[in-house]
>>> print(open('structure_12.tsv').read())   # TSV, C-alpha atoms and all ligand atoms
chain	number	residue	atom	x	y	z
A	1	MET	CA	-19.68	9.25	-24.89
A	2	ASP	CA	-22.74	7.10	-24.33
A	3	LYS	CA	-23.33	7.47	-20.64
A	4	GLY	CA	-26.90	7.78	-19.41
A	5	ILE	CA	-28.70	11.10	-19.10
A	6	LEU	CA	-31.52	12.28	-16.91
A	7	ILE	CA	-34.74	13.01	-18.79
A	8	VAL	CA	-37.70	14.85	-17.33
A	9	LEU	CA	-40.98	14.27	-19.06
A	10	SER	CA	-43.87	16.55	-18.15
A	11	GLY	CA	-47.20	17.20	-19.77
A	12	PHE	CA	-50.82	17.92	-19.03
A	13	SER	CA	-52.67	15.32	-17.04
A	14	GLY	CA	-54.32	13.23	-19.76
A	15	ALA	CA	-51.60	13.86	-22.36
A	16	GLY	CA	-50.86	10.13	-22.44
A	17	LYS	CA	-47.49	10.16	-20.67
A	18	GLY	CA	-48.06	6.81	-18.96
A	19	THR	CA	-48.92	4.99	-22.20
A	20	LEU	CA	-45.99	6.62	-23.97
A	21	MET	CA	-43.55	5.58	-21.28
A	22	LYS	CA	-44.77	1.97	-21.32
A	23	ALA	CA	-44.28	1.82	-25.09
A	24	LEU	CA	-40.87	3.53	-24.94
A	25	LEU	CA	-39.58	1.07	-22.34
A	26	LYS	CA	-40.90	-1.87	-24.31
A	27	THR	CA	-39.29	-0.70	-27.55
A	28	TYR	CA	-35.81	0.33	-26.33
A	29	ASP	CA	-33.62	-1.08	-23.58
A	30	ASN	CA	-31.60	2.01	-22.63
A	31	TYR	CA	-34.31	3.57	-20.47
A	32	ALA	CA	-35.20	3.24	-16.80
A	33	LEU	CA	-38.38	4.85	-15.50
A	34	SER	CA	-38.37	6.20	-11.99
A	35	VAL	CA	-41.42	5.25	-9.90
A	36	SER	CA	-42.53	8.20	-7.78
A	37	MET	CA	-43.93	8.27	-4.30
A	38	THR	CA	-47.31	9.93	-3.81
A	39	THR	CA	-49.95	10.58	-1.16
A	40	ARG	CA	-52.77	10.45	-3.73
A	41	SER	CA	-55.05	7.40	-3.64
A	42	PRO	CA	-54.52	4.70	-6.26
A	43	ARG	CA	-56.82	4.85	-9.29
A	44	PRO	CA	-58.57	1.63	-10.26
A	45	GLY	CA	-56.00	-0.66	-11.85
A	46	GLU	CA	-52.96	1.07	-10.37
A	47	VAL	CA	-50.55	-1.16	-8.47
A	48	ASP	CA	-48.37	-0.10	-5.55
A	49	GLY	CA	-44.74	-0.06	-6.69
A	50	ARG	CA	-45.65	-0.05	-10.38
A	51	GLU	CA	-47.40	3.27	-11.14
A	52	TYR	CA	-46.43	4.82	-7.80
A	53	PHE	CA	-45.33	3.98	-4.29
A	54	PHE	CA	-48.52	5.01	-2.51
A	55	SER	CA	-47.92	6.39	0.96
A	56	THR	CA	-49.43	8.34	3.80
A	57	LYS	CA	-48.57	11.97	4.41
A	58	GLU	CA	-46.58	10.94	7.50
A	59	VAL	CA	-44.41	8.41	5.64
A	60	PHE	CA	-43.88	10.90	2.81
A	61	GLU	CA	-42.75	13.60	5.21
A	62	GLU	CA	-40.36	11.14	6.87
A	63	LYS	CA	-38.83	10.40	3.47
A	64	ILE	CA	-38.35	14.15	2.90
A	65	ALA	CA	-36.67	14.50	6.29
A	66	GLN	CA	-34.27	11.64	5.46
A	67	ASN	CA	-33.24	13.37	2.21
A	68	GLY	CA	-34.62	10.33	0.42
A	69	LEU	CA	-36.23	12.32	-2.40
A	70	ILE	CA	-34.43	14.14	-5.22
A	71	GLU	CA	-37.37	16.51	-5.45
A	72	TYR	CA	-40.99	16.67	-4.41
A	73	ALA	CA	-43.94	18.94	-5.10
A	74	GLU	CA	-47.55	19.43	-4.13
A	75	TYR	CA	-49.94	18.95	-7.03
A	76	CYS	CA	-53.76	19.12	-6.88
A	77	GLY	CA	-53.61	18.74	-3.09
A	78	ASN	CA	-51.24	15.74	-2.94
A	79	TYR	CA	-47.51	15.21	-2.49
A	80	TYR	CA	-45.49	13.65	-5.32
A	81	GLY	CA	-41.74	12.95	-5.09
A	82	THR	CA	-38.83	11.17	-6.78
A	83	PRO	CA	-36.98	8.57	-4.67
A	84	ARG	CA	-33.23	9.25	-4.80
A	85	ASP	CA	-31.81	5.68	-4.60
A	86	TYR	CA	-33.25	4.29	-7.82
A	87	VAL	CA	-32.27	7.30	-9.96
A	88	GLU	CA	-28.68	7.35	-8.72
A	89	LYS	CA	-28.26	3.58	-9.19
A	90	GLN	CA	-29.68	3.55	-12.73
A	91	LEU	CA	-27.62	6.56	-13.84
A	92	ALA	CA	-24.49	4.89	-12.46
A	93	ALA	CA	-25.42	1.77	-14.48
A	94	GLY	CA	-25.49	3.90	-17.67
A	95	LYS	CA	-29.26	3.99	-18.17
A	96	ASP	CA	-31.18	7.00	-19.47
A	97	VAL	CA	-33.40	7.68	-16.50
A	98	ILE	CA	-36.84	9.17	-17.04
A	99	LEU	CA	-38.68	11.16	-14.39
A	100	GLU	CA	-42.32	11.63	-15.27
A	101	ILE	CA	-42.95	14.68	-13.11
A	102	GLU	CA	-44.63	18.07	-13.22
A	103	ILE	CA	-43.08	21.48	-13.78
A	104	GLN	CA	-42.17	22.47	-10.21
A	105	GLY	CA	-40.24	19.21	-9.90
A	106	MET	CA	-38.59	19.78	-13.30
A	107	ARG	CA	-37.34	23.20	-12.16
A	108	LYS	CA	-35.85	21.70	-8.99
A	109	VAL	CA	-34.16	18.90	-10.93
A	110	LYS	CA	-32.74	21.43	-13.42
A	111	LYS	CA	-31.02	23.30	-10.58
A	112	MET	CA	-29.33	20.09	-9.41
A	113	PHE	CA	-28.66	18.56	-12.85
A	114	PRO	CA	-28.38	21.43	-15.37
A	115	GLU	CA	-27.67	18.97	-18.21
A	116	MET	CA	-30.91	17.07	-17.80
A	117	LEU	CA	-33.23	16.93	-20.79
A	118	PRO	CA	-36.71	18.41	-20.17
A	119	LEU	CA	-39.46	17.27	-22.58
A	120	PHE	CA	-43.08	18.44	-22.63
A	121	VAL	CA	-45.78	16.10	-23.94
A	122	THR	CA	-49.04	17.52	-25.22
A	123	PRO	CA	-52.06	16.21	-27.12
A	124	PRO	CA	-52.61	17.80	-30.56
A	125	ASP	CA	-55.24	20.22	-29.20
A	126	ALA	CA	-57.13	21.12	-26.02
A	127	GLY	CA	-60.35	19.35	-27.08
A	128	GLU	CA	-58.47	16.07	-27.31
A	129	LEU	CA	-57.16	16.57	-23.78
A	130	VAL	CA	-60.72	16.92	-22.41
A	131	ARG	CA	-61.83	13.83	-24.36
A	132	ARG	CA	-58.94	11.78	-22.91
A	133	LEU	CA	-59.62	12.94	-19.34
A	134	ARG	CA	-63.32	12.05	-19.67
A	135	GLY	CA	-62.50	8.79	-21.44
A	136	ARG	CA	-60.44	7.60	-18.48
A	137	GLY	CA	-63.75	7.31	-16.64
A	138	THR	CA	-61.98	7.25	-13.30
A	139	GLU	CA	-62.33	10.88	-12.30
A	140	SER	CA	-65.23	13.08	-11.19
A	141	ASP	CA	-66.27	16.19	-13.15
A	142	GLU	CA	-64.83	18.23	-10.32
A	143	ALA	CA	-61.45	16.47	-10.52
A	144	ILE	CA	-61.41	16.94	-14.31
A	145	ALA	CA	-62.17	20.66	-13.94
A	146	GLY	CA	-59.30	20.89	-11.41
A	147	ARG	CA	-56.91	19.20	-13.83
A	148	LEU	CA	-57.94	21.55	-16.63
A	149	SER	CA	-57.29	24.67	-14.59
A	150	THR	CA	-53.93	23.19	-13.61
A	151	ALA	CA	-53.25	22.60	-17.34
A	152	ILE	CA	-53.83	26.32	-18.03
A	153	ILE	CA	-51.16	27.22	-15.47
A	154	GLU	CA	-48.83	24.50	-16.79
A	155	SER	CA	-49.16	25.81	-20.34
A	156	GLU	CA	-47.50	29.02	-19.14
A	157	GLY	CA	-44.33	27.04	-18.37
A	158	ILE	CA	-43.89	25.22	-21.70
A	159	GLU	CA	-41.02	27.49	-22.78
A	160	ASP	CA	-38.92	26.16	-19.87
A	161	TYR	CA	-38.68	22.82	-21.71
A	162	GLU	CA	-36.17	21.95	-24.40
A	163	TYR	CA	-38.60	20.10	-26.72
A	164	ILE	CA	-42.37	19.72	-27.20
A	165	VAL	CA	-43.61	16.26	-28.18
A	166	VAL	CA	-47.10	16.05	-29.68
A	167	ASN	CA	-48.72	12.77	-28.71
A	168	ASP	CA	-50.98	12.08	-31.67
A	169	ASP	CA	-49.88	8.69	-32.95
A	170	LEU	CA	-48.32	6.54	-30.19
A	171	GLU	CA	-45.75	4.71	-32.31
A	172	SER	CA	-44.37	7.78	-34.06
A	173	CYS	CA	-44.32	9.71	-30.79
A	174	VAL	CA	-42.22	6.97	-29.16
A	175	LYS	CA	-39.78	7.07	-32.09
A	176	GLU	CA	-39.61	10.84	-31.89
A	177	ILE	CA	-38.80	10.84	-28.17
A	178	HIS	CA	-36.03	8.30	-28.75
A	179	ALA	CA	-34.60	10.38	-31.62
A	180	ILE	CA	-34.63	13.53	-29.48
A	181	VAL	CA	-32.85	11.71	-26.65
A	182	GLN	CA	-30.21	10.30	-29.01
A	183	ALA	CA	-29.57	13.77	-30.46
A	184	ALA	CA	-29.53	15.44	-27.05
A	185	LYS	CA	-26.83	13.02	-25.91
A	186	ARG	CA	-24.55	14.51	-28.57
A	187	ALA	CA	-24.83	18.06	-27.18
A	188	PRO	CA	-21.48	19.47	-25.96
A	189	ALA	CA	-23.06	20.42	-22.62
A	190	ARG	CA	-23.73	16.72	-21.99
A	191	ASN	CA	-20.24	15.60	-23.01
A	192	LYS	CA	-17.96	17.70	-20.86
A	193	GLU	CA	-15.71	14.76	-19.94
A	194	PHE	CA	-15.30	13.71	-23.58
A	195	ILE	CA	-14.38	17.28	-24.60
A	196	LYS	CA	-11.90	17.64	-21.74
A	197	THR	CA	-10.22	14.33	-22.61
A	198	ILE	CA	-9.87	15.02	-26.31
A	199	ARG	CA	-8.41	18.46	-25.58
A	200	GLU	CA	-5.84	16.96	-23.25
A	201	GLU	CA	-4.98	14.22	-25.75
A	202	LEU	CA	-4.54	16.78	-28.53
A	203	LYS	CA	-2.13	18.79	-26.42
A	204	LEU	CA	-0.13	15.72	-25.48
A	205	LEU	CA	0.04	14.55	-29.11
A	206	SER	CA	1.09	17.97	-30.37
A	207	LYS	CA	4.05	17.77	-27.99
A	208	GLY	CA	4.91	14.41	-29.53
A	209	GLU	CA	4.10	12.43	-26.38
B	301	LIG	P1	-51.26	11.85	-11.58
B	301	LIG	O1	-52.01	12.08	-10.31
B	301	LIG	O2	-52.08	12.21	-12.81
B	301	LIG	O3	-50.65	10.49	-11.67
B	301	LIG	O4	-50.02	12.86	-11.59
B	301	LIG	C1	-50.20	14.21	-11.40
B	301	LIG	C2	-48.94	14.97	-11.78
B	301	LIG	O5	-47.88	14.69	-10.86
B	301	LIG	C3	-48.41	14.63	-13.17
B	301	LIG	O6	-48.12	15.84	-13.84
B	301	LIG	C4	-47.16	13.85	-12.87
B	301	LIG	O7	-46.19	14.01	-13.90
B	301	LIG	C5	-46.69	14.52	-11.59
B	301	LIG	N1	-45.77	13.69	-10.82
B	301	LIG	C6	-45.75	12.34	-10.71
B	301	LIG	N2	-44.74	11.95	-9.93
B	301	LIG	C7	-44.08	13.07	-9.56
B	301	LIG	C8	-42.91	13.31	-8.76
B	301	LIG	O8	-42.24	12.41	-8.24
B	301	LIG	N3	-42.55	14.62	-8.58
B	301	LIG	C9	-43.22	15.64	-9.13
B	301	LIG	N4	-42.77	16.88	-8.91
B	301	LIG	N5	-44.33	15.44	-9.89
B	301	LIG	C10	-44.74	14.18	-10.11
>>> encode(input="structure_12.tsv", output="structure tokens")
Amino acid sequence: MDKGILIVLSGFSGAGKGTLMKALLKTYDNYALSVSMTTRSPRPGEVDGREYFFSTKEVFEEKIAQNGLIEYAEYCGNYYGTPRDYVEKQLAAGKDVILEIEIQGMRKVKKMFPEMLPLFVTPPDAGELVRRLRGRGTESDEAIAGRLSTAIIESEGIEDYEYIVVNDDLESCVKEIHAIVQAAKRAPARNKEFIKTIREELKLLSKGE
């Protein structure tokens, strides 16, 4: 009953998804975080292969052509995509695999894996989001304005997610995400094999076999 599930975590840029994911992975050992490929330039401090696999548009498009991405989307003028190999390997190894992707990607993943668990992370209020974006100190006013107008559009899609997680206090937010995942793994829709097996066993036993 405890096989891995696919989790999609979305949220406004600046909601603190990166920090949350680092803390979640440090606290629990059942998670694997997929590293996406992107054509955006690295921010100061970002390392190729850790935050993202940074690539050119040409290399990205080659990867699409080879069916090497589970999904990809264009966001604020750049490509972002999920490499297929890592996700499939980690799921097969029983890990709960997290994709930290935006809403278009979530919708594509949902079509392929209807049992995946979509979570939406948000700061407690909009003012806090602006403070966090400014506090990063790595983006121009223009880029911040772009991310805010994207956030308005993204807020229209929140109902497509199964749970909202408010990132106020890091530690309690990490615990909450883990609790949601543990509960979600008990949903009948994510345990079809278990249900099928127990039904078959019941029938066999009732026949005295
Ligand atoms: P950022 O540039 O702030 O790192 O990411 C911008 C947005 O792209 C975020 O909402 C992030 O979740 C999303 N994103 C990152 N990787 C992927 C991916 O592989 N696919 C999709 N669809 N979105 C992604």
>>> closest_residue(input="structure_12.tsv", among="A:Arg132, A:Arg147, A:Lys26, A:Arg190", to="ligand LIG 301 (chain B)", atoms="only C-alpha atoms and all ligand atoms")
A:Arg147
>>> residues_near_ligand(input="structure_12.tsv", ligand="ligand LIG 301 (chain B)", cutoff="9 Å", atoms="only C-alpha atoms and all ligand atoms", output="ChimeraX atom specification")
/A:9-14,17-18,34-38,40-43,51-52,69-76,78-83,99-108,147
>>> atom_distance(input="structure_12.tsv", atom1="atom CA of Val47 of chain A", atom2="atom CA of Asp169 of chain A")
26.4 Å
>>> closest_residue(input="structure_12.tsv", among="A:Glu176, A:Asp125, A:Glu139, A:Glu156", to="Pro44 of chain A", atoms="only C-alpha atoms")
A:Glu139
>>> closest_residue(input="structure_12.tsv", among="A:Glu193, A:Asp29, A:Glu171, A:Asp160", to="Val97 of chain A", atoms="all atoms listed in the file")
A:Asp29
>>> residues_around(input="structure_12.tsv", residues="Ile177 of chain A", least_positions_apart="2", cutoff="10 Å", atoms="all atoms listed in the file", output="list in words")
Leu9, Leu20, Met21, Leu24, Leu119, Val121, Tyr163, Ile164, Val165, Val166, Ser172, Cys173, Val174, Lys175, Ala179, Ile180, Val181, Gln182 and Ala183 of chain A
>>> closest_residue(input="structure_12.tsv", among="A:Ala151, A:Leu170, A:Leu204, A:Ile195", to="Thr19 of chain A", atoms="only C-alpha atoms")
A:Leu170
>>> atom_distance(input="structure_12.tsv", atom1="atom CA of Arg134 of chain A", atom2="atom CA of Gly77 of chain A")
20.3 Å
>>> closest_residue(input="structure_12.tsv", among="A:Met112, A:Phe53, A:Lys63, A:Pro118", to="Gly157 of chain A", atoms="all atoms listed in the file")
A:Pro118
>>> atom_distance(input="structure_12.tsv", atom1="atom CA of Ala65 of chain A", atom2="atom CA of Thr39 of chain A")
15.7 Å
>>> residues_around(input="structure_12.tsv", residues="Pro123 of chain A", least_positions_apart="4", cutoff="7 Å", atoms="all atoms listed in the file", output="VMD selection string")
chain A and resid 15 128 to 129 166 to 168
